[in-house]
Structures are given as C-alpha cells and as structure tokens.
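Engineer: This is upload17.cif (mmCIF, C-alpha atoms).
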data_query
#
loop_
_atom_site.group_PDB
_atom_site.id
_atom_site.type_symbol
_atom_site.label_atom_id
_atom_site.label_comp_id
_atom_site.auth_asym_id
_atom_site.auth_seq_id
_atom_site.Cartn_x
_atom_site.Cartn_y
_atom_site.Cartn_z
ATOM 1 C CA MET A 13 -7.872 -10.012 27.831
ATOM 2 C CA SER A 14 -9.382 -13.195 29.253
ATOM 3 C CA LEU A 15 -12.556 -12.570 27.243
ATOM 4 C CA LEU A 16 -10.507 -12.726 24.034
ATOM 5 C CA ALA A 17 -8.340 -15.675 25.074
ATOM 6 C CA ASN A 18 -10.963 -18.375 24.569
ATOM 7 C CA PRO A 19 -12.127 -17.303 21.058
ATOM 8 C CA ILE A 20 -8.509 -16.812 19.939
ATOM 9 C CA GLU A 21 -7.536 -20.264 21.222
ATOM 10 C CA THR A 22 -10.597 -21.743 19.482
ATOM 11 C CA VAL A 23 -9.467 -20.234 16.166
ATOM 12 C CA ARG A 24 -5.896 -21.448 16.741
ATOM 13 C CA ALA A 25 -7.151 -24.944 17.514
ATOM 14 C CA TYR A 26 -9.290 -24.891 14.355
ATOM 15 C CA ALA A 27 -6.266 -23.879 12.247
ATOM 16 C CA ARG A 28 -3.812 -26.259 13.937
ATOM 17 C CA HIS A 29 -2.512 -29.236 11.964
ATOM 18 C CA PRO A 30 0.602 -31.431 12.349
ATOM 19 C CA ASP A 31 1.533 -30.935 8.689
ATOM 20 C CA PRO A 32 3.086 -27.434 8.378
ATOM 21 C CA ARG A 33 1.833 -26.970 4.792
ATOM 22 C CA VAL A 34 -1.725 -27.763 5.821
ATOM 23 C CA ALA A 35 -1.425 -25.540 8.896
ATOM 24 C CA ALA A 36 -0.155 -22.743 6.626
ATOM 25 C CA ALA A 37 -3.149 -23.157 4.291
ATOM 26 C CA ASN A 38 -5.487 -23.050 7.297
ATOM 27 C CA VAL A 39 -3.933 -19.862 8.666
ATOM 28 C CA ILE A 40 -3.918 -18.110 5.280
ATOM 29 C CA ALA A 41 -7.550 -19.075 4.664
ATOM 30 C CA LEU A 42 -8.684 -17.773 8.058
ATOM 31 C CA VAL A 43 -6.729 -14.534 7.664
ATOM 32 C CA VAL A 44 -8.335 -13.945 4.252
ATOM 33 C CA ALA A 45 -11.801 -14.705 5.652
ATOM 34 C CA SER A 46 -11.238 -12.396 8.635
ATOM 35 C CA ASN A 47 -10.227 -9.555 6.308
ATOM 36 C CA GLN A 48 -13.203 -9.867 3.960
ATOM 37 C CA PRO A 49 -15.605 -7.910 6.222
ATOM 38 C CA PHE A 50 -13.224 -4.929 6.034
ATOM 39 C CA TYR A 51 -13.258 -4.763 2.228
ATOM 40 C CA PRO A 52 -16.534 -2.769 2.011
ATOM 41 C CA LEU A 53 -15.125 -0.359 4.609
ATOM 42 C CA TYR A 54 -11.901 0.124 2.655
ATOM 43 C CA LEU A 55 -13.994 0.663 -0.456
ATOM 44 C CA PHE A 56 -16.139 3.252 1.324
ATOM 45 C CA TRP A 57 -13.161 5.124 2.810
ATOM 46 C CA LEU A 58 -10.839 5.036 -0.175
ATOM 47 C CA VAL A 59 -12.964 4.705 -3.311
ATOM 48 C CA SER A 60 -16.675 5.529 -3.209
ATOM 49 C CA ASP A 61 -19.769 5.433 -1.012
ATOM 50 C CA ASP A 62 -21.293 3.005 -3.549
ATOM 51 C CA ILE A 63 -20.263 -0.305 -1.987
ATOM 52 C CA THR A 64 -23.222 -2.409 -3.170
ATOM 53 C CA ALA A 65 -21.054 -4.731 -5.262
ATOM 54 C CA ALA A 66 -18.736 -5.441 -2.316
ATOM 55 C CA TRP A 67 -21.415 -7.326 -0.397
ATOM 56 C CA PHE A 68 -21.456 -10.071 -3.026
ATOM 57 C CA THR A 69 -17.799 -10.866 -2.292
ATOM 58 C CA PHE A 70 -18.983 -12.472 0.972
ATOM 59 C CA LEU A 71 -20.234 -15.402 -1.121
ATOM 60 C CA SER A 72 -16.675 -16.755 -1.007
ATOM 61 C CA THR A 73 -16.227 -16.380 2.768
ATOM 62 C CA PRO A 74 -17.706 -19.808 3.691
ATOM 63 C CA PHE A 75 -15.222 -21.504 1.342
ATOM 64 C CA PHE A 76 -12.244 -19.860 3.039
ATOM 65 C CA LEU A 77 -13.664 -20.674 6.472
ATOM 66 C CA ALA A 78 -14.156 -24.309 5.424
ATOM 67 C CA VAL A 79 -10.478 -24.893 4.517
ATOM 68 C CA PRO A 80 -9.405 -26.228 7.969
ATOM 69 C CA ALA A 81 -12.494 -28.462 8.189
ATOM 70 C CA VAL A 82 -11.913 -29.890 4.716
ATOM 71 C CA SER A 83 -8.211 -30.367 5.570
ATOM 72 C CA ARG A 84 -9.175 -32.618 8.475
ATOM 73 C CA TRP A 85 -11.145 -34.790 6.059
ATOM 74 C CA ASN A 86 -8.556 -34.711 3.249
ATOM 75 C CA ASP A 87 -5.479 -32.508 3.546
ATOM 76 C CA THR A 88 -4.907 -32.319 -0.221
ATOM 77 C CA ALA A 89 -8.474 -31.190 -0.836
ATOM 78 C CA GLY A 90 -8.211 -28.662 1.985
ATOM 79 C CA ARG A 91 -5.042 -27.151 0.566
ATOM 80 C CA ALA A 92 -6.544 -27.092 -2.937
ATOM 81 C CA LEU A 93 -9.685 -25.373 -1.675
ATOM 82 C CA LEU A 94 -7.710 -22.289 -0.590
ATOM 83 C CA PRO A 95 -6.399 -21.176 -4.012
ATOM 84 C CA LEU A 96 -9.580 -22.394 -5.734
ATOM 85 C CA ALA A 97 -11.686 -20.209 -3.416
ATOM 86 C CA GLY A 98 -9.313 -17.336 -4.180
ATOM 87 C CA ILE A 99 -9.659 -17.849 -7.917
ATOM 88 C CA GLY A 100 -13.449 -18.042 -7.611
ATOM 89 C CA ASN A 101 -13.545 -14.866 -5.530
ATOM 90 C CA THR A 102 -11.330 -13.075 -8.062
ATOM 91 C CA VAL A 103 -13.572 -14.070 -10.974
ATOM 92 C CA LEU A 104 -16.636 -12.903 -9.032
ATOM 93 C CA SER A 105 -14.937 -9.609 -8.139
ATOM 94 C CA ALA A 106 -13.811 -9.009 -11.729
ATOM 95 C CA TRP A 107 -17.428 -9.403 -12.829
ATOM 96 C CA LEU A 108 -18.677 -7.155 -10.016
ATOM 97 C CA PHE A 109 -16.115 -4.361 -10.310
ATOM 98 C CA GLY A 110 -14.776 -4.765 -13.851
ATOM 99 C CA THR A 111 -11.225 -5.424 -14.961
ATOM 100 C CA ALA A 112 -10.413 -1.702 -14.643
ATOM 101 C CA SER A 113 -10.370 -2.332 -10.886
ATOM 102 C CA ALA A 114 -7.182 -4.434 -11.312
ATOM 103 C CA VAL A 115 -8.783 -7.055 -9.051
ATOM 104 C CA GLU A 116 -7.395 -9.784 -11.312
ATOM 105 C CA VAL A 117 -4.022 -9.133 -9.655
ATOM 106 C CA PHE A 118 -5.244 -11.486 -6.894
ATOM 107 C CA LEU A 119 -4.697 -14.343 -9.341
ATOM 108 C CA ILE A 120 -0.971 -13.909 -8.687
ATOM 109 C CA PRO A 121 -1.077 -14.831 -4.969
ATOM 110 C CA CYS A 122 -3.495 -17.643 -5.876
ATOM 111 C CA GLY A 123 -0.858 -19.078 -8.221
ATOM 112 C CA VAL A 124 1.952 -18.539 -5.717
ATOM 113 C CA ILE A 125 -0.049 -20.227 -2.948
ATOM 114 C CA SER A 126 -0.735 -23.187 -5.250
ATOM 115 C CA LEU A 127 2.950 -23.662 -5.995
ATOM 116 C CA LEU A 128 3.959 -23.463 -2.330
ATOM 117 C CA LEU A 129 1.283 -25.615 -0.698
ATOM 118 C CA PHE A 130 1.973 -28.895 -2.456
ATOM 119 C CA ARG A 131 4.893 -31.305 -2.182
ATOM 120 C CA PRO A 132 6.952 -32.451 -5.194
ATOM 121 C CA ARG A 133 4.869 -35.643 -5.489
ATOM 122 C CA GLU A 134 1.743 -33.429 -5.655
ATOM 123 C CA ARG A 135 3.244 -31.140 -8.293
ATOM 124 C CA LEU A 136 0.513 -32.002 -10.817
ATOM 125 C CA VAL A 137 -2.160 -30.549 -8.496
ATOM 126 C CA ALA A 138 -0.073 -27.416 -7.921
ATOM 127 C CA LEU A 139 0.538 -26.880 -11.636
ATOM 128 C CA ALA A 140 -3.103 -27.533 -12.540
ATOM 129 C CA ILE A 141 -4.406 -24.921 -10.071
ATOM 130 C CA THR A 142 -1.720 -22.433 -11.104
ATOM 131 C CA ALA A 143 -2.605 -22.991 -14.767
ATOM 132 C CA LEU A 144 -6.256 -22.399 -13.881
ATOM 133 C CA ALA A 145 -5.361 -19.078 -12.212
ATOM 134 C CA PHE A 146 -3.513 -17.808 -15.268
ATOM 135 C CA GLY A 147 -5.995 -19.392 -17.673
ATOM 136 C CA VAL A 148 -8.809 -17.464 -16.001
ATOM 137 C CA PHE A 149 -6.960 -14.218 -16.708
ATOM 138 C CA LEU A 150 -6.132 -15.112 -20.294
ATOM 139 C CA LEU A 151 -9.578 -16.455 -21.190
ATOM 140 C CA LEU A 152 -12.005 -14.328 -19.166
ATOM 141 C CA HIS A 153 -10.338 -10.914 -19.042
ATOM 142 C CA ASP A 154 -12.341 -9.508 -21.969
ATOM 143 C CA LEU A 155 -15.529 -11.538 -21.399
ATOM 144 C CA TYR A 156 -16.983 -10.189 -18.140
ATOM 145 C CA GLY A 157 -19.194 -7.580 -19.758
ATOM 146 C CA PRO A 158 -20.408 -4.440 -17.964
ATOM 147 C CA PRO A 159 -19.627 -4.529 -14.221
ATOM 148 C CA LEU A 160 -22.241 -4.202 -11.505
ATOM 149 C CA ALA A 161 -20.297 -1.296 -9.974
ATOM 150 C CA HIS A 162 -19.895 1.957 -11.888
ATOM 151 C CA TYR A 163 -17.037 4.251 -10.909
ATOM 152 C CA ASP A 164 -15.333 7.186 -12.580
ATOM 153 C CA ALA A 165 -11.672 7.204 -13.611
ATOM 154 C CA ALA A 166 -10.412 8.620 -10.295
ATOM 155 C CA GLU A 167 -12.413 6.064 -8.302
ATOM 156 C CA TYR A 168 -11.127 3.211 -10.463
ATOM 157 C CA ALA A 169 -7.567 4.458 -9.937
ATOM 158 C CA ALA A 170 -8.142 4.386 -6.153
ATOM 159 C CA LEU A 171 -9.702 0.922 -6.364
ATOM 160 C CA SER A 172 -6.769 -0.336 -8.442
ATOM 161 C CA ARG A 173 -4.343 0.958 -5.796
ATOM 162 C CA LEU A 174 -6.369 -0.736 -3.053
ATOM 163 C CA ASN A 175 -6.357 -4.067 -4.893
ATOM 164 C CA LEU A 176 -2.666 -3.870 -5.792
ATOM 165 C CA ILE A 177 -1.702 -3.110 -2.183
ATOM 166 C CA SER A 178 -3.989 -5.868 -0.877
ATOM 167 C CA ALA A 179 -2.659 -8.503 -3.296
ATOM 168 C CA SER A 180 0.947 -7.486 -2.579
ATOM 169 C CA THR A 181 0.334 -7.669 1.175
ATOM 170 C CA LEU A 182 -1.236 -11.118 0.827
ATOM 171 C CA THR A 183 1.703 -12.351 -1.264
ATOM 172 C CA ALA A 184 4.187 -10.995 1.289
ATOM 173 C CA PHE A 185 2.229 -12.628 4.135
ATOM 174 C CA VAL A 186 2.309 -15.983 2.326
ATOM 175 C CA ALA A 187 6.060 -15.601 1.727
ATOM 176 C CA LEU A 188 6.567 -14.815 5.421
ATOM 177 C CA ILE A 189 4.683 -17.933 6.498
ATOM 178 C CA PHE A 190 6.679 -20.157 4.166
ATOM 179 C CA SER A 191 9.983 -18.573 5.155
ATOM 180 C CA GLY A 192 9.069 -19.613 8.713
ATOM 181 C CA ILE A 193 8.386 -23.175 7.553
ATOM 182 C CA LEU A 194 11.753 -23.301 5.756
ATOM 183 C CA ALA A 195 13.545 -21.877 8.805
ATOM 184 C CA GLU A 196 11.953 -24.521 11.039
ATOM 185 C CA ALA A 197 12.929 -27.294 8.604
ATOM 186 C CA GLU A 198 16.492 -25.962 8.567
ATOM 187 C CA ARG A 199 16.640 -25.895 12.375
ATOM 188 C CA SER A 200 15.352 -29.480 12.511
ATOM 189 C CA SER A 201 17.916 -30.570 9.909
ATOM 190 C CA ASN A 202 20.740 -28.871 11.815
ATOM 191 C CA ALA A 203 19.612 -30.435 15.092
ATOM 192 C CA ALA A 204 19.558 -33.884 13.467
ATOM 193 C CA GLY A 205 23.049 -33.278 12.062
ATOM 194 C CA ASP A 206 24.352 -32.206 15.469
ATOM 195 C CA LYS A 207 23.003 -35.406 17.020
ATOM 196 C CA LYS A 208 24.808 -37.514 14.405
ATOM 197 C CA THR A 209 28.123 -35.729 14.904
ATOM 198 C CA GLY A 210 27.756 -35.534 18.687
#
Output the file's structure in the form of structure tokens.
Structural biologist:
Amino acid sequence: MSLLANPIETVRAYARHPDPRVAAANVIALVVASNQPFYPLYLFWLVSDDITAAWFTFLSTPFFLAVPAVSRWNDTAGRALLPLAGIGNTVLSAWLFGTASAVEVFLIPCGVISLLLFRPRERLVALAITALAFGVFLLLHDLYGPPLAHYDAAEYAALSRLNLISASTLTAFVALIFSGILAEAERSSNAAGDKKTG
C-alpha cells in the first residue's frame, strides 16, 4: 500500500486546485487519460482482434494530461482544453473507426462538460465550445470517408455498444462530480446562514 501512496498523492497534488470547477476539470481530464490505455483492450475483448486504429487515439492523451498544468497557467484555458481535447479525440476516432461505430456520441459529454465548467460570466466560452461540439457532428458526419478500421456488422454493433456505454459512464461521472460541487456549495451557504442567525 505504501508503494502506491506516493504516486497517488502525486496525482492528487497535480489535480488539486482551489477553484472547484478547475479541480473538477483536472480530475475529469486525468480520469479520461488514465482510461485511454484500456480502450485497445476493450476493443480486443469485445469487438475484434484488429485494434490497429485504436493506437492512434493515444495522440490525444498528452492534451488530457496537460489540463492541470495549463490550468495553473490560465484556469480558463485549462478548463477549455478538456472539452476541446475531447472533441479532437472524437473527430480522430470517427475518422479511424467510421461513424458506424457511434463514437460521435462522445460529443455529448464534451458539450455537457463545456456547459458545466464555466461560470455565468464565461458563458460565451461555454456556448462556443458546445456549439463546436455539435457543429462537428452536423458538418463532419458525412465527410470522414472510408475509416482506417474495417469491421463487419456484428463487430460494429459491439463497438457501438462499447462507445455508448463509455460515453454514458463519462457523462454520469461528470454529473456525479458536479453534484458534489453543488452539495458543497449548499453546505457552505447553510453554514453561513447559521452563523448569521446564531
């Protein structure tokens, strides 16, 4: 256990930030990056032994890993980098696997993350990134051309299920994080109210 304690604390320290929205972006980014190495394994176990295309998805990993570092330099840029990296990875994956893989469903959590990460005064940034996520789907869906990966109908059905479950899990994880932020804000508000009435 002690062997794991130091690396885990290092990751926690890297993700830590006094602003809860920035800290949330950091955690989400690191969770996504930590799950990327498993994607080829899921593909191998659940879809096909042809996982060549999956290796190219690692091109986005450095961008997810960089989110906490960028946040220390500029917290708005760091938060924006998370959904932008997600959108970029989705476009790359749609080209690699084809739209029949349903990988474009990841644009939904990208849009949700964009709307949650920014404050009301930053709403323009949130709306711009969300518009980009949906614009990518509307404009590029039929323009990717032949995918690098070639699967049969049954394999594409399995890949679609994998992507739908993954995107749903990511969206639920994001919702869980932000429900925690709201609960903490409510506790702080209640504590402040108790002090005033006490």
Engineer: Give one line per residue of region 84-123 of chain A that approaches region 130-140 of chain A to at most 12 Å, naming the two atoms of the closest pair and their distance in Å to one decimal, counting all atoms listed in the file; sort by chain then ascending residue number and deliver it as a Markdown table.
Structural biologist:
| residue | atom | partner | partner_atom | distance |
| --- | --- | --- | --- | --- |
| A:Asp87 | CA | A:Phe130 | CA | 10.2 |
| A:Thr88 | CA | A:Phe130 | CA | 8.0 |
| A:Ala89 | CA | A:Val137 | CA | 9.9 |
| A:Gly90 | CA | A:Phe130 | CA | 11.1 |
| A:Arg91 | CA | A:Phe130 | CA | 7.8 |
| A:Ala92 | CA | A:Val137 | CA | 7.9 |
| A:Leu93 | CA | A:Val137 | CA | 11.4 |
| A:Leu94 | CA | A:Ala138 | CA | 11.8 |
| A:Pro95 | CA | A:Ala138 | CA | 9.7 |
| A:Leu96 | CA | A:Ala140 | CA | 10.7 |
| A:Cys122 | CA | A:Ala138 | CA | 10.6 |
| A:Gly123 | CA | A:Ala138 | CA | 8.4 |
Engineer: Save out the residues we just selected, C-alpha atoms, as a CSV table (one decimal), keeping the file's coordinate frame.
Structural biologist:
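Generated file (out_31.csv):
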chain,number,residue,atom,x,y,z
A,87,ASP,CA,-5.5,-32.5,3.5
A,88,THR,CA,-4.9,-32.3,-0.2
A,89,ALA,CA,-8.5,-31.2,-0.8
A,90,GLY,CA,-8.2,-28.7,2.0
A,91,ARG,CA,-5.0,-27.2,0.6
A,92,ALA,CA,-6.5,-27.1,-2.9
A,93,LEU,CA,-9.7,-25.4,-1.7
A,94,LEU,CA,-7.7,-22.3,-0.6
A,95,PRO,CA,-6.4,-21.2,-4.0
A,96,LEU,CA,-9.6,-22.4,-5.7
A,122,CYS,CA,-3.5,-17.6,-5.9
A,123,GLY,CA,-0.9,-19.1,-8.2
Engineer: With all atoms listed in the file as the atoms that count, which of A:Pro49, A:Pro80, A:Gly157, A:Gly147 lies nearest to Glu116 (chain A)?
Structural biologist: A:Gly147
Engineer: If I take CA of Ile20 (chain A) and CA of Asn47 (chain A), how far is one from the other in Å, to one decimal?
Structural biologist: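 CA of Asn47 (chain A) lies 15.5 Å from CA of Ile20 (chain A).
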Engineer: Check which residues satisfy the PyMOL selection byres ((chain A and resi 30-41) around 10) in the file shown, then give them as a PyMOL selection string.
Structural biologist: chain A and resi 23-24+26-29+42-46+73+75-84+87-88+90-95+97-98+125-126+128-131+182+185-186+189-190+192-194+196-197
Engineer: Given all atoms listed in the file as the basis, pick out the residue of A:Leu104, A:Leu127, A:Ala66, A:Leu155 nearest to Ala187 (chain A).
Structural biologist: A:Leu127
Engineer: Report the distance between CA of Thr69 (chain A) and CA of Ile120 (chain A) in Å, rounded to one decimal place.
Structural biologist: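 CA of Ile120 (chain A) lies 18.3 Å from CA of Thr69 (chain A).
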Engineer: Grab the CA of Ala65 (chain A) to CA of Leu152 (chain A) distance for me, in Å with one decimal place.
Structural biologist: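 For CA of Ala65 (chain A) relative to CA of Leu152 (chain A), the distance reads 19.2 Å.
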Engineer: Hey, which of A:Ser172, A:Ser60, A:Ser200, A:Gln48 ends up closest to Val115 (chain A)? Count all atoms listed in the file.
Structural biologist: A:Ser172
Engineer: For the file shown, what are the residues hit by the PyMOL selection byres ((chain A and resi 160) around 10), laid out as a ChimeraX atom specification?
Structural biologist: /A:64-66,105-110,157-159,161-163
Engineer: Given the file above and the PyMOL selection byres ((chain A and resi 58) around 10), which residues are selected, and can you give them as a list in words?
Structural biologist: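 So the PyMOL selection byres ((chain A and resi 58) around 10) ends up selecting Pro52, Leu53, Tyr54, Leu55, Phe56, Trp57, Val59, Ser60, Asp61, Glu167, Ala170, Leu171, Arg173 and Leu174 of chain A.
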Engineer: With only C-alpha atoms as the basis for distance, which of A:Ala165, A:Leu188, A:Val124, A:Leu151 is at the shortest distance from Val103 (chain A)?
Structural biologist: A:Leu151
